[in-house]
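A short write-up of the structure that comes next.
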Amino acid sequence: MRPDRRPKFYRFDALTDVLLSRDFQVHTLWTDGKGTVREVLQKASDRKVREIAFTEHARHTSTYYPEFFAEIDREAKDFPDLTVYRGFEVKITDFDGNLDISDDMRAKAEIILASVHSFPLRDGSGVISPKTVDAAEATKTERDLSLGAIRAGKGDVMSHPGGMSMRFHGGFPLEYYEELLDAIRDTDMAFEFNHSYHAPILPELVALVRQYNPLVSIGSDVHDLDTMGRCRDALQDLLRK
Ligand SMILES: [Zn+2]
């Protein structure tokens with residue numbers, strides 16, 4: 001079971017300036033981010049982001065999150081204009097779309113981002129870094145892992161689609177983005193615009209997402225506080241044109 005309180009996602013063609021004003025990929029000092037929960041909330045408030053989700057890295061073995069969630073609840077009371085969600089960014093662990101998350105984490109998370117990080121081997125014998133394979137292998141592996149996650153539907157958001165290929169191999173083919181968009185458009189899963197990974201291709205990606213019109217999530221992938229709201233800002237600029 002999942003919590004009743006969860007963010008609502010909108011299709012691309014429904015996005016307004018107000019609905020774009022959210023940041024649903026945020027990290028803190030609890031893992032690899034640079035700000036405290038309170039500093040993140042203050043920055044979101046300063047930047048007039050209306051809704052944020054704390055989406056900390058976690059694994060099925062993680063035990064830190066009750067304390068993390070309690071801190072969010074405590075601090076968020078001082079920011080009544082902000083809608084705040086608590087969740088995780090978790091790894092896609094196989095080509096069937098399973099995620100590295102425990103039942104208890106799933107029951108408590110208001111948002112679950114499913115991400116390709118390290119690549120599981122196809123025979124299940126381990127994982128490898130996306131850096132250690134060539135671009136053709138990396139992009140194909142990332143596509144297949146993402147399609148598995150979309151079909152299985154165990155996360156709310158397909159997080160930074162194509163991100164490992166973008167970061168380590170300079171790009172992810174537009175036809176693969178189309179395959180992911182074609183698969184996700186009739187599901188309840190949201191396709192994430194992730195400013196940290198997608199900034200160089202955002203205009204092309206927006207044009208594709210416009211065609212397929214899936215549910216959309218917006219994430220600056222905040223690690224440095226200064227990036228809060230950046231994905232919203234970039235999309236608002238593009239959509240006004
Ligand atoms: Zn990630």
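Scheme for the structure tokens: letters A, B, ... for chains in order shown; per-chain residue numbers from 1; ligand numbers from 1 in order shown.
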Residues of region 26-190 of chain A in strand (DSSP E), written as an MDAnalysis selection string: chainID A and resid 26 51:57 83:91 111:115 119:120 127:128 157:158 190
Output file for the selection above: N, CA, C and O atoms, as a tab-separated table (two decimals), in the first residue's frame:
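For reference, out_6.tsv as written:
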```tsv
chain	number	residue	atom	x	y	z
A	26	VAL	N	15.08	16.48	-5.13
A	26	VAL	CA	15.85	17.30	-4.20
A	26	VAL	C	16.62	16.40	-3.24
A	26	VAL	O	16.06	15.46	-2.68
A	51	GLU	N	5.69	23.71	-4.69
A	51	GLU	CA	5.66	22.33	-4.19
A	51	GLU	C	7.05	21.73	-4.34
A	51	GLU	O	7.65	21.85	-5.42
A	52	ILE	N	7.52	21.07	-3.31
A	52	ILE	CA	8.79	20.36	-3.45
A	52	ILE	C	8.67	18.94	-2.90
A	52	ILE	O	7.82	18.67	-2.05
A	53	ALA	N	9.52	18.07	-3.41
A	53	ALA	CA	9.60	16.72	-2.89
A	53	ALA	C	11.04	16.44	-2.51
A	53	ALA	O	11.95	16.65	-3.32
A	54	PHE	N	11.24	16.02	-1.26
A	54	PHE	CA	12.54	15.52	-0.84
A	54	PHE	C	12.63	14.07	-1.33
A	54	PHE	O	11.81	13.23	-0.95
A	55	THR	N	13.59	13.82	-2.20
A	55	THR	CA	13.69	12.51	-2.85
A	55	THR	C	15.09	11.97	-2.62
A	55	THR	O	15.92	11.93	-3.53
A	56	GLU	N	15.33	11.58	-1.38
A	56	GLU	CA	16.69	11.20	-1.01
A	56	GLU	C	17.05	9.82	-1.55
A	56	GLU	O	16.19	8.96	-1.72
A	57	HIS	N	18.33	9.66	-1.85
A	57	HIS	CA	18.82	8.34	-2.28
A	57	HIS	C	18.59	7.33	-1.15
A	57	HIS	O	18.84	7.64	0.02
A	83	THR	N	3.98	23.28	-0.31
A	83	THR	CA	3.51	21.89	-0.19
A	83	THR	C	4.74	21.00	-0.29
A	83	THR	O	5.52	21.12	-1.24
A	84	VAL	N	4.91	20.15	0.70
A	84	VAL	CA	6.15	19.38	0.81
A	84	VAL	C	5.83	17.88	0.82
A	84	VAL	O	4.98	17.43	1.59
A	85	TYR	N	6.50	17.16	-0.04
A	85	TYR	CA	6.35	15.70	-0.09
A	85	TYR	C	7.67	15.05	0.32
A	85	TYR	O	8.73	15.63	0.17
A	86	ARG	N	7.56	13.80	0.78
A	86	ARG	CA	8.73	13.07	1.24
A	86	ARG	C	8.81	11.75	0.49
A	86	ARG	O	7.81	11.05	0.38
A	87	GLY	N	9.98	11.47	-0.03
A	87	GLY	CA	10.10	10.23	-0.77
A	87	GLY	C	11.54	9.85	-1.02
A	87	GLY	O	12.44	10.25	-0.29
A	88	PHE	N	11.72	9.08	-2.08
A	88	PHE	CA	13.04	8.52	-2.37
A	88	PHE	C	13.34	8.56	-3.85
A	88	PHE	O	12.42	8.53	-4.68
A	89	GLU	N	14.62	8.57	-4.15
A	89	GLU	CA	15.10	8.21	-5.47
A	89	GLU	C	15.75	6.84	-5.32
A	89	GLU	O	16.71	6.70	-4.55
A	90	VAL	N	15.23	5.85	-6.03
A	90	VAL	CA	15.77	4.50	-5.90
A	90	VAL	C	16.17	3.94	-7.26
A	90	VAL	O	15.67	4.36	-8.31
A	91	LYS	N	17.04	2.98	-7.20
A	91	LYS	CA	17.64	2.41	-8.40
A	91	LYS	C	16.76	1.32	-9.02
A	91	LYS	O	16.15	0.53	-8.31
A	111	ILE	N	6.36	9.90	-2.76
A	111	ILE	CA	6.81	9.93	-4.15
A	111	ILE	C	8.02	9.00	-4.27
A	111	ILE	O	8.90	9.00	-3.39
A	112	ILE	N	8.03	8.22	-5.33
A	112	ILE	CA	9.15	7.31	-5.60
A	112	ILE	C	9.69	7.61	-7.00
A	112	ILE	O	8.96	7.50	-7.99
A	113	LEU	N	10.94	8.04	-7.06
A	113	LEU	CA	11.62	8.24	-8.34
A	113	LEU	C	12.38	6.96	-8.68
A	113	LEU	O	13.15	6.46	-7.85
A	114	ALA	N	12.18	6.45	-9.88
A	114	ALA	CA	12.91	5.27	-10.35
A	114	ALA	C	14.01	5.73	-11.29
A	114	ALA	O	13.74	6.38	-12.30
A	115	SER	N	15.26	5.39	-10.95
A	115	SER	CA	16.41	5.89	-11.69
A	115	SER	C	17.30	4.76	-12.19
A	115	SER	O	17.51	3.78	-11.49
A	119	PHE	N	24.49	-0.20	-13.92
A	119	PHE	CA	23.78	-1.12	-14.80
A	119	PHE	C	23.82	-2.54	-14.23
A	119	PHE	O	24.91	-3.10	-14.07
A	120	PRO	N	22.66	-3.14	-13.97
A	120	PRO	CA	22.69	-4.56	-13.61
A	120	PRO	C	23.07	-5.37	-14.85
A	120	PRO	O	22.70	-5.01	-15.98
A	127	VAL	N	26.56	-5.80	-10.97
A	127	VAL	CA	26.31	-4.50	-11.61
A	127	VAL	C	27.63	-3.94	-12.13
A	127	VAL	O	28.71	-4.30	-11.62
A	128	ILE	N	27.52	-3.07	-13.14
A	128	ILE	CA	28.71	-2.40	-13.65
A	128	ILE	C	28.41	-0.91	-13.77
A	128	ILE	O	27.25	-0.50	-13.81
A	157	VAL	N	7.74	8.15	-10.88
A	157	VAL	CA	8.43	9.02	-11.83
A	157	VAL	C	9.57	8.26	-12.47
A	157	VAL	O	10.36	7.62	-11.77
A	158	MET	N	9.65	8.33	-13.81
A	158	MET	CA	10.84	7.86	-14.51
A	158	MET	C	11.85	9.00	-14.43
A	158	MET	O	11.72	10.02	-15.09
A	190	ALA	N	5.11	9.35	-14.37
A	190	ALA	CA	5.45	10.65	-14.95
A	190	ALA	C	6.85	10.62	-15.55
A	190	ALA	O	7.77	10.00	-14.99
```
Spatial neighbours of Cys231 (chain A), max dist 6 Å, only C-alpha atoms, sep filter under 6 positions, as a PyMOL selection string: chain A and resi 195+219-220
Store the residues picked out above, limited to N, CA and C atoms, as a PDB file, in the first residue's frame.
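Final output, saved to result.pdb:
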```
ATOM      1  N   HIS A 195      16.672  19.008 -14.963  1.00  0.00           N
ATOM      2  CA  HIS A 195      17.520  20.078 -15.487  1.00  0.00           C
ATOM      3  C   HIS A 195      18.996  19.731 -15.429  1.00  0.00           C
ATOM      4  N   GLY A 219      12.189  18.310 -12.140  1.00  0.00           N
ATOM      5  CA  GLY A 219      13.226  18.185 -11.124  1.00  0.00           C
ATOM      6  C   GLY A 219      14.487  18.919 -11.507  1.00  0.00           C
ATOM      7  N   SER A 220      14.962  19.740 -10.606  1.00  0.00           N
ATOM      8  CA  SER A 220      16.258  20.369 -10.835  1.00  0.00           C
ATOM      9  C   SER A 220      17.382  19.458 -10.368  1.00  0.00           C
TER      10      SER A 220
END
```
Residue set, region 38-226 of chain A restricted to alpha helix (DSSP H), as a tab-separated table (two decimals) with C-alpha atoms, in the first residue's frame:
```tsv
chain	number	residue	atom	x	y	z
A	38	ARG	CA	15.54	23.62	6.53
A	39	GLU	CA	17.89	25.35	4.07
A	40	VAL	CA	16.15	23.58	1.19
A	41	LEU	CA	12.75	24.71	2.43
A	42	GLN	CA	13.98	28.27	2.85
A	43	LYS	CA	15.45	28.31	-0.66
A	44	ALA	CA	12.24	26.91	-2.17
A	45	SER	CA	10.26	29.58	-0.34
A	46	ASP	CA	12.67	32.32	-1.49
A	65	TYR	CA	14.52	7.53	6.64
A	66	PRO	CA	12.08	7.62	9.64
A	67	GLU	CA	14.33	10.24	11.21
A	68	PHE	CA	14.68	12.07	7.88
A	69	PHE	CA	10.91	12.14	7.35
A	70	ALA	CA	10.34	13.33	10.93
A	71	GLU	CA	12.76	16.21	10.33
A	72	ILE	CA	10.89	17.19	7.14
A	73	ASP	CA	7.55	17.16	8.98
A	74	ARG	CA	8.95	19.23	11.82
A	75	GLU	CA	10.63	21.85	9.62
A	76	ALA	CA	7.89	22.10	7.00
A	103	ASP	CA	7.95	-2.65	1.49
A	104	ASP	CA	8.14	-0.30	4.45
A	105	MET	CA	9.79	2.43	2.36
A	106	ARG	CA	7.11	2.00	-0.32
A	107	ALA	CA	4.36	2.25	2.29
A	108	LYS	CA	5.76	5.54	3.60
A	135	ALA	CA	28.11	4.44	-25.94
A	136	ALA	CA	26.05	2.01	-28.02
A	137	GLU	CA	25.90	-0.52	-25.19
A	138	ALA	CA	25.24	2.16	-22.56
A	139	THR	CA	22.36	3.80	-24.40
A	140	LYS	CA	20.74	0.46	-25.23
A	141	THR	CA	21.10	-0.79	-21.66
A	142	GLU	CA	19.68	2.45	-20.26
A	143	ARG	CA	16.77	2.29	-22.69
A	144	ASP	CA	15.96	-1.32	-21.77
A	145	LEU	CA	16.18	-0.69	-18.02
A	146	SER	CA	13.93	2.36	-18.38
A	147	LEU	CA	11.37	0.49	-20.50
A	148	GLY	CA	11.29	-2.27	-17.88
A	149	ALA	CA	10.64	0.26	-15.13
A	150	ILE	CA	7.91	2.00	-17.12
A	151	ARG	CA	6.16	-1.30	-17.91
A	152	ALA	CA	6.40	-2.52	-14.31
A	163	GLY	CA	20.73	10.52	-17.81
A	164	MET	CA	23.59	8.05	-17.50
A	165	SER	CA	24.12	8.06	-21.27
A	166	MET	CA	23.92	11.85	-21.34
A	167	ARG	CA	26.44	12.22	-18.55
A	168	PHE	CA	28.97	9.54	-19.41
A	169	HIS	CA	28.56	9.12	-23.18
A	174	LEU	CA	16.18	10.92	-29.64
A	175	GLU	CA	14.58	7.74	-31.01
A	176	TYR	CA	15.17	6.09	-27.65
A	177	TYR	CA	13.49	9.05	-25.95
A	178	GLU	CA	10.58	8.47	-28.31
A	179	GLU	CA	10.42	4.80	-27.32
A	180	LEU	CA	10.31	5.75	-23.64
A	181	LEU	CA	7.66	8.41	-24.26
A	182	ASP	CA	5.56	6.02	-26.32
A	183	ALA	CA	5.71	3.48	-23.47
A	184	ILE	CA	5.01	5.93	-20.65
A	195	HIS	CA	17.52	20.08	-15.49
A	196	SER	CA	20.80	18.66	-14.24
A	197	TYR	CA	20.92	16.07	-17.05
A	198	HIS	CA	18.64	17.49	-19.74
A	202	LEU	CA	15.82	20.71	-23.22
A	203	PRO	CA	14.31	22.40	-26.31
A	204	GLU	CA	14.40	19.14	-28.34
A	205	LEU	CA	13.12	17.13	-25.40
A	206	VAL	CA	10.25	19.56	-24.80
A	207	ALA	CA	9.27	19.24	-28.47
A	208	LEU	CA	9.17	15.44	-28.17
A	209	VAL	CA	7.30	15.42	-24.87
A	210	ARG	CA	4.77	17.81	-26.37
A	211	GLN	CA	4.02	15.22	-29.08
A	212	TYR	CA	3.53	12.30	-26.69
```
Best match for closeness to ligand 1 among A:Ser159, A:Thr28, A:Ser62, A:Thr36, counting only C-alpha atoms and all ligand atoms: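 Comparing A:Ser159, A:Thr28, A:Ser62, A:Thr36 against ligand 1, the winner is A:Ser159.
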Nearest residue to ligand 1 from the set A:His117, A:Arg230, A:Ile92, A:Arg5 (distances using only C-alpha atoms and all ligand atoms):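 Of A:His117, A:Arg230, A:Ile92, A:Arg5, the one nearest ligand 1, counting only C-alpha atoms and all ligand atoms, is A:His117.
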Counting only C-alpha atoms, the residue of A:Met228, A:Met189, A:Ala234, A:Leu239 that sits nearest Ala14 (chain A):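 Between A:Met228, A:Met189, A:Ala234, A:Leu239, the residue approaching Ala14 (chain A) most closely is A:Leu239.
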Among the residues A:Lys154, A:Arg122, A:Lys131, A:His27, the one that comes closest to ligand 1 [using only C-alpha atoms and all ligand atoms]: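 Distance minimum relative to ligand 1 lands on A:His27.
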